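Heads up: the structure comes next, in structure tokens.
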Amino acid sequence: MAAFFRTAAMIRTRFAPSPTGYLHIGGARTALFSWAFARHHGGQFILRIEDTDVARSTPEAVQAILDGMAWLDLAHDEGPFYQMQRMDRYKQVIAEMLDKGLAYRCYMAPEELDALREAQRAAGEKPRYDGRWRPEAGKTLPEPPAGVSPVIRFKNPTEGSVAWKDLVKGTIEFANAELDDLVIARTDGTPTYNFCVVVDDWDMRITHVIRGDDHVNNTPRQINILKALGAEVPQYAHLSMILGDDGTKLSKRHGAVSVMQYSDDGYLPEAVINYLARLGWSHGDAEIFSREQFVQWFDLDRITPSAAQFNTEKLRWLNQQYIKTADDARLAALMRPFLLRNGANPDAGPTLTAVVALVKERAATIEELADAATLFYRTLHPTAELLAQHVTPEVLPALGELVAKLESIAWERTAISAAFKETLAAHGLKMPKLAMPVRVLVTGETQTPAIDATLELIGRERTVERLRAAG
């Protein structure tokens, strides 16, 4: 048995994903709440990889989980522990349970079990194992069939009920008569998920199990096994599901994607953390708060038992608020790969930090930030349609005068603005009439930040060269 230690009062939580895919939004929220609860109470947060589904678990999926946790900065205090590396411990506990009469061998063939369940359904009964191999006082069991490897079943109590006070949903109770004898080891001897979870939580001294409400039906079985083993039963908090924007089950089209996809799409991890925190939890009307504030405020009594709803636009808005206040140098470094993806050369133009400071106010993602910045770092290709629409014969005299002024002024925003105003006054034009052809000629775009600030960053040489090309 691995050595796991805690003081009597120490809170220990765990996040235990199965590496059969990426770390998605629902899993990330579970990890966040488990991490925050431990941090709030000065406890410990354990990472456990439940990789007993050998057919579906992959090293790539494990790495995806670790990458997602690292990006969100949800640091664990112990682990990651891998269930496949704890097989000897599980088999030891199963052997002890068999010796103590807490579990038994069941030789019922899969075809027999299928036929039993089919008959029960036909009779309008709940399909369940009928206990035919369960040893009881005064009961004679048949001879084990030759050549058949048994499964191991837990001898579940048949009377009374199992109940717990769920820290999110309130009291939940199941009648033991509704729970059949759970298979805890398969015919090849490998332990099953529900059993491994019990032993892990026991060995790792988990005090609070915070997980999705799809595990509610597993909980009474796990509690009964823990009690049979004489182990301390942790407290449980089952988080309600997350729905998509349209109120249906979360899917790839509205958020059930890898957490790392949000990184690829240009979201900041602190914005994603802030957004996840508000999915089913609140602190008054607080919408934007730091990680430190969240840990200070977080507790389970503020989690709603009703389903949370994912809102992509709300996440975009929140990310925009974080971008506005983020350090320009950090944003510049994050923006660089997006610029390269756009075919721009971030080294052939103004400093990235200066461009970030100019364009970040309206960007909701780093990707949008790069899109707005790309015009400063690419070869110009204005379309013929834009040139014909905006660079008209009537504006050419004003453009010529503006170019002459731009060649001689101090190259700073205020002086560029003054040159525009003087030219407009001399030719009786409104700002859009002159600014739009300048935008098209210099940037190839009709939408840019303020024209004087844009030209200042592009530089005198490129600006004058492109304006003179208009003839």
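Each chain in the structure tokens gets a letter, A, B, ..., in the order shown, and its residues are numbered from 1; ligands are numbered from 1 in order too.
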message = Could you go through range 82-282 of chain A and tell me which residues DSSP, when run on the backbone, assigns to helix (DSSP H, G or I), listing them as a ChimeraX atom specification?
response = /A:83-99,110-122,176-178,193-203,213-228,252-254,259-264,269-277
request  = For range 82-99 of chain A, list every protein, DNA or RNA residue within 9 Å, evaluated using only C-alpha atoms, and leave out those in the same chain fewer than 6 positions away; present the list as a PyMOL selection string.
outcome  = chain A and resi 1-2+48-52+54+105+152+154+184-185+189-191+195-197+199-200+228-229
What's the 7 Å shell around range 12-20 of chain A, counting only C-alpha atoms, without same-chain residues fewer than 5 positions away, as a compact mmCIF listing (two decimals) with N, CA and C atoms, in the first residue's frame?
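The result, stored in around-v5.txt:
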```
# COMPACT_ATOMS: atom_id res chain seq x y z
N ALA A 31 -12.46 19.91 -11.63
CA ALA A 31 -11.09 20.06 -11.12
C ALA A 31 -10.94 21.40 -10.40
N SER A 34 -12.74 21.33 -6.98
CA SER A 34 -12.01 20.48 -6.04
C SER A 34 -10.73 21.17 -5.58
N ALA A 38 -9.99 22.73 -1.64
CA ALA A 38 -8.80 22.37 -0.87
C ALA A 38 -7.99 23.61 -0.52
N GLY A 43 -6.13 22.76 2.58
CA GLY A 43 -5.98 21.32 2.43
C GLY A 43 -5.09 20.94 1.27
N GLN A 44 -5.27 19.71 0.78
CA GLN A 44 -4.44 19.20 -0.30
C GLN A 44 -5.32 18.68 -1.44
N PHE A 45 -4.81 18.86 -2.64
CA PHE A 45 -5.52 18.51 -3.87
C PHE A 45 -4.72 17.43 -4.58
N ILE A 46 -5.36 16.30 -4.83
CA ILE A 46 -4.68 15.13 -5.39
C ILE A 46 -5.16 14.89 -6.82
N LEU A 47 -4.24 14.59 -7.71
CA LEU A 47 -4.59 14.25 -9.09
C LEU A 47 -4.40 12.75 -9.29
N ARG A 48 -5.46 12.11 -9.76
CA ARG A 48 -5.46 10.66 -9.95
C ARG A 48 -5.96 10.34 -11.36
N ILE A 49 -5.23 9.54 -12.08
CA ILE A 49 -5.62 9.16 -13.44
C ILE A 49 -6.25 7.77 -13.40
N GLU A 50 -7.53 7.69 -13.70
CA GLU A 50 -8.26 6.42 -13.63
C GLU A 50 -8.20 5.73 -15.00
N ASP A 51 -7.10 5.01 -15.19
CA ASP A 51 -6.77 4.47 -16.51
C ASP A 51 -7.00 2.97 -16.63
N ARG A 56 -9.51 2.04 -24.03
CA ARG A 56 -9.79 3.43 -24.45
C ARG A 56 -8.79 4.44 -23.92
N SER A 57 -8.02 4.09 -22.88
CA SER A 57 -7.06 5.02 -22.31
C SER A 57 -5.81 5.08 -23.18
N THR A 58 -5.32 6.29 -23.41
CA THR A 58 -4.13 6.46 -24.25
C THR A 58 -3.16 7.43 -23.58
N ALA A 61 -4.12 10.97 -24.34
CA ALA A 61 -5.21 11.51 -23.53
C ALA A 61 -4.70 11.92 -22.14
N VAL A 62 -3.79 11.11 -21.59
CA VAL A 62 -3.20 11.49 -20.30
C VAL A 62 -2.49 12.83 -20.42
N ARG A 205 -6.90 8.91 1.68
CA ARG A 205 -7.51 9.69 2.76
C ARG A 205 -8.32 10.88 2.22
N ILE A 206 -9.09 10.62 1.16
CA ILE A 206 -9.91 11.68 0.58
C ILE A 206 -11.05 12.01 1.54
N THR A 207 -11.17 13.28 1.89
CA THR A 207 -12.23 13.70 2.82
C THR A 207 -13.46 14.21 2.11
N HIS A 208 -13.28 14.77 0.89
CA HIS A 208 -14.41 15.34 0.15
C HIS A 208 -14.29 14.93 -1.32
N VAL A 209 -15.32 14.26 -1.81
CA VAL A 209 -15.38 13.86 -3.21
C VAL A 209 -16.30 14.83 -3.93
```
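In this model, the gap between CA of Trp411 in chain A and CA of Gly459 in chain A comes to 7.6 Å.
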ask   = By how many Å are CA of His283 in chain A and CA of Phe298 in chain A apart?
value =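 CA of Phe298 in chain A lies at a distance of 8.0 Å from CA of His283 in chain A.
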request  = Do a neighbour search on Arg466 in chain A at 12 Å with only C-alpha atoms, toss out local chain neighbours closer than 6 positions, and write the hits as a PyMOL selection string.
outcome  = chain A and resi 379-382+399-400+403+437-444+455+458-460
Please list as a compact mmCIF listing (two decimals) with N, CA, C and O atoms, in the first residue's frame every residue within 10 Å of Leu331 in chain A, counting only C-alpha atoms and excluding residues in the same chain fewer than 3 positions away.
```
# COMPACT_ATOMS: atom_id res chain seq x y z
N LEU A 268 -7.56 33.57 -22.64
CA LEU A 268 -6.60 33.62 -21.54
C LEU A 268 -7.05 32.64 -20.45
O LEU A 268 -8.24 32.57 -20.14
N ILE A 323 -8.34 40.79 -21.51
CA ILE A 323 -7.38 41.28 -22.51
C ILE A 323 -7.14 42.77 -22.33
O ILE A 323 -6.00 43.25 -22.42
N LYS A 324 -8.19 43.52 -22.04
CA LYS A 324 -8.05 44.97 -21.87
C LYS A 324 -7.05 45.33 -20.78
O LYS A 324 -6.34 46.34 -20.88
N ALA A 326 -4.67 43.15 -19.52
CA ALA A 326 -3.48 42.29 -19.52
C ALA A 326 -2.25 43.09 -19.92
O ALA A 326 -2.33 44.11 -20.62
N ASP A 327 -1.08 42.62 -19.49
CA ASP A 327 0.18 43.24 -19.84
C ASP A 327 0.42 43.15 -21.34
O ASP A 327 0.28 42.09 -21.94
N ASP A 328 0.81 44.27 -21.95
CA ASP A 328 0.97 44.32 -23.41
C ASP A 328 2.08 43.37 -23.88
O ASP A 328 1.95 42.76 -24.95
N LEU A 334 1.84 36.17 -26.84
CA LEU A 334 0.75 35.25 -27.16
C LEU A 334 0.25 35.47 -28.59
O LEU A 334 -0.21 34.53 -29.25
N MET A 335 0.33 36.72 -29.06
CA MET A 335 -0.19 37.06 -30.38
C MET A 335 0.72 36.59 -31.51
O MET A 335 0.26 36.32 -32.62
N ARG A 336 2.01 36.50 -31.25
CA ARG A 336 2.99 36.20 -32.31
C ARG A 336 2.62 34.95 -33.13
O ARG A 336 2.58 35.02 -34.38
N LEU A 352 5.57 44.87 -31.44
CA LEU A 352 4.31 44.19 -31.15
C LEU A 352 3.58 44.83 -29.97
O LEU A 352 2.35 44.94 -29.98
N THR A 353 4.33 45.24 -28.96
CA THR A 353 3.67 45.82 -27.79
C THR A 353 2.95 47.12 -28.14
O THR A 353 1.86 47.38 -27.62
N VAL A 356 -0.24 46.10 -29.93
CA VAL A 356 -1.18 45.54 -28.96
C VAL A 356 -1.89 46.65 -28.20
O VAL A 356 -3.11 46.63 -28.02
N ALA A 357 -1.14 47.62 -27.73
CA ALA A 357 -1.72 48.73 -26.97
C ALA A 357 -2.77 49.47 -27.79
O ALA A 357 -3.77 49.96 -27.24
N LYS A 360 -5.95 46.39 -28.72
CA LYS A 360 -6.50 45.40 -27.80
C LYS A 360 -7.86 45.77 -27.21
O LYS A 360 -8.57 44.90 -26.70
N ILE A 366 -7.25 36.46 -28.38
CA ILE A 366 -5.91 36.73 -28.93
C ILE A 366 -5.96 36.57 -30.45
O ILE A 366 -5.26 37.28 -31.18
N LEU A 369 -7.17 39.73 -31.73
CA LEU A 369 -6.10 40.70 -31.55
C LEU A 369 -5.12 40.60 -32.71
O LEU A 369 -4.70 41.62 -33.29
N ALA A 370 -4.75 39.38 -33.06
CA ALA A 370 -3.82 39.17 -34.18
C ALA A 370 -4.44 39.59 -35.50
O ALA A 370 -3.77 40.17 -36.36
```
inquiry  = I need the residues in range 86-264 of chain A that are strand (DSSP E or B) according to DSSP; give them as JSON, numbers by chain.
reply    = {"A": [103, 104, 105, 106, 151, 152, 153, 154, 161, 162, 163, 164, 165, 166, 170, 171, 172, 173, 174, 175, 183, 184, 185, 191, 208, 209, 210, 211, 212, 235, 236, 237, 238, 239, 242, 243, 249, 258]}
message = So the first atom is CA of Ala398 in chain A and the second is CA of Phe420 in chain A; what is the distance between them in Å, to one decimal place?
response = 9.5 Å
Using only C-alpha atoms, which protein or nucleic acid residues come within 9 Å of Ala28 in chain A? Drop anything in the same chain fewer than 5 positions from it, and give the result as an mmCIF file with all heavy atoms, in the first residue's frame.
```
data_model
loop_
_atom_site.group_PDB
_atom_site.id
_atom_site.type_symbol
_atom_site.label_atom_id
_atom_site.label_comp_id
_atom_site.auth_asym_id
_atom_site.auth_seq_id
_atom_site.Cartn_x
_atom_site.Cartn_y
_atom_site.Cartn_z
ATOM 1 N N LEU A 23 -9.404 16.893 -21.707
ATOM 2 C CA LEU A 23 -10.000 17.544 -20.547
ATOM 3 C C LEU A 23 -11.009 18.563 -21.059
ATOM 4 O O LEU A 23 -10.642 19.561 -21.670
ATOM 5 C CB LEU A 23 -8.920 18.237 -19.710
ATOM 6 C CG LEU A 23 -9.420 19.021 -18.488
ATOM 7 C CD1 LEU A 23 -10.108 18.098 -17.493
ATOM 8 C CD2 LEU A 23 -8.264 19.760 -17.823
ATOM 9 N N PHE A 33 -13.259 23.301 -8.897
ATOM 10 C CA PHE A 33 -13.972 23.342 -7.621
ATOM 11 C C PHE A 33 -13.258 22.486 -6.564
ATOM 12 O O PHE A 33 -13.180 22.870 -5.399
ATOM 13 C CB PHE A 33 -15.414 22.877 -7.804
ATOM 14 C CG PHE A 33 -16.312 23.900 -8.464
ATOM 15 C CD1 PHE A 33 -15.801 25.051 -9.035
ATOM 16 C CD2 PHE A 33 -17.686 23.704 -8.517
ATOM 17 C CE1 PHE A 33 -16.623 25.997 -9.643
ATOM 18 C CE2 PHE A 33 -18.530 24.636 -9.120
ATOM 19 C CZ PHE A 33 -17.992 25.784 -9.684
ATOM 20 N N GLY A 68 -3.952 20.416 -19.979
ATOM 21 C CA GLY A 68 -5.083 21.270 -19.612
ATOM 22 C C GLY A 68 -4.984 21.767 -18.182
ATOM 23 O O GLY A 68 -5.227 22.952 -17.895
ATOM 24 N N MET A 69 -4.600 20.890 -17.263
ATOM 25 C CA MET A 69 -4.439 21.286 -15.865
ATOM 26 C C MET A 69 -3.325 22.308 -15.716
ATOM 27 O O MET A 69 -3.440 23.272 -14.949
ATOM 28 C CB MET A 69 -4.139 20.046 -15.018
ATOM 29 C CG MET A 69 -5.258 19.024 -14.968
ATOM 30 S SD MET A 69 -6.643 19.565 -13.951
ATOM 31 C CE MET A 69 -5.960 19.333 -12.303
ATOM 32 N N LEU A 72 -4.428 25.773 -17.052
ATOM 33 C CA LEU A 72 -5.313 26.430 -16.096
ATOM 34 C C LEU A 72 -4.614 26.718 -14.758
ATOM 35 O O LEU A 72 -5.187 27.386 -13.897
ATOM 36 C CB LEU A 72 -6.549 25.554 -15.842
ATOM 37 C CG LEU A 72 -7.492 25.375 -17.033
ATOM 38 C CD1 LEU A 72 -8.557 24.332 -16.710
ATOM 39 C CD2 LEU A 72 -8.143 26.689 -17.440
ATOM 40 N N VAL A 259 -10.142 21.708 -23.269
ATOM 41 C CA VAL A 259 -9.763 22.977 -22.653
ATOM 42 C C VAL A 259 -8.651 23.641 -23.458
ATOM 43 O O VAL A 259 -8.627 24.865 -23.622
ATOM 44 C CB VAL A 259 -9.310 22.732 -21.195
ATOM 45 C CG1 VAL A 259 -8.548 23.925 -20.643
ATOM 46 C CG2 VAL A 259 -10.517 22.439 -20.312
ATOM 47 N N ILE A 273 -10.827 30.356 -16.229
ATOM 48 C CA ILE A 273 -11.000 30.026 -14.809
ATOM 49 C C ILE A 273 -12.140 30.847 -14.212
ATOM 50 O O ILE A 273 -13.020 30.315 -13.520
ATOM 51 C CB ILE A 273 -9.692 30.285 -14.025
ATOM 52 C CG1 ILE A 273 -8.667 29.186 -14.308
ATOM 53 C CG2 ILE A 273 -9.959 30.400 -12.534
ATOM 54 C CD1 ILE A 273 -8.947 27.869 -13.613
ATOM 55 N N LEU A 276 -15.439 29.496 -15.618
ATOM 56 C CA LEU A 276 -15.794 28.197 -15.040
ATOM 57 C C LEU A 276 -16.301 28.352 -13.611
ATOM 58 O O LEU A 276 -17.227 27.654 -13.188
ATOM 59 C CB LEU A 276 -14.578 27.271 -15.047
ATOM 60 C CG LEU A 276 -14.123 26.716 -16.396
ATOM 61 C CD1 LEU A 276 -12.844 25.913 -16.230
ATOM 62 C CD2 LEU A 276 -15.200 25.859 -17.027
#
```
request  = Pick out the residues sitting within 12 Å of Glu292 in chain A, and hand them over as a ChimeraX atom specification; count only C-alpha atoms, and ignore anything fewer than 5 positions along from it in its own chain.
outcome  = /A:36,39-40,270,273-274,297-298
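If you measure from each of A:Arg221, A:Leu467, A:Asp77, A:Gly138 to Val391 in chain A using only C-alpha atoms, the closest one turns out to be A:Leu467.
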ask   = So, counting only C-alpha atoms, which residue among A:Pro144, A:Gly266, A:Gly79, A:Pro305 is closest to Trp281 in chain A?
value =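 Residue with the minimum atom-to-atom distance to Trp281 in chain A: A:Pro305.
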inquiry  = Under the rule that only C-alpha atoms are counted, which of A:Arg378, A:Val464, A:Met204, A:Trp133 is the nearest residue to Ser408 in chain A?
reply    =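 Of all the options, A:Val464 lies closest to Ser408 in chain A.
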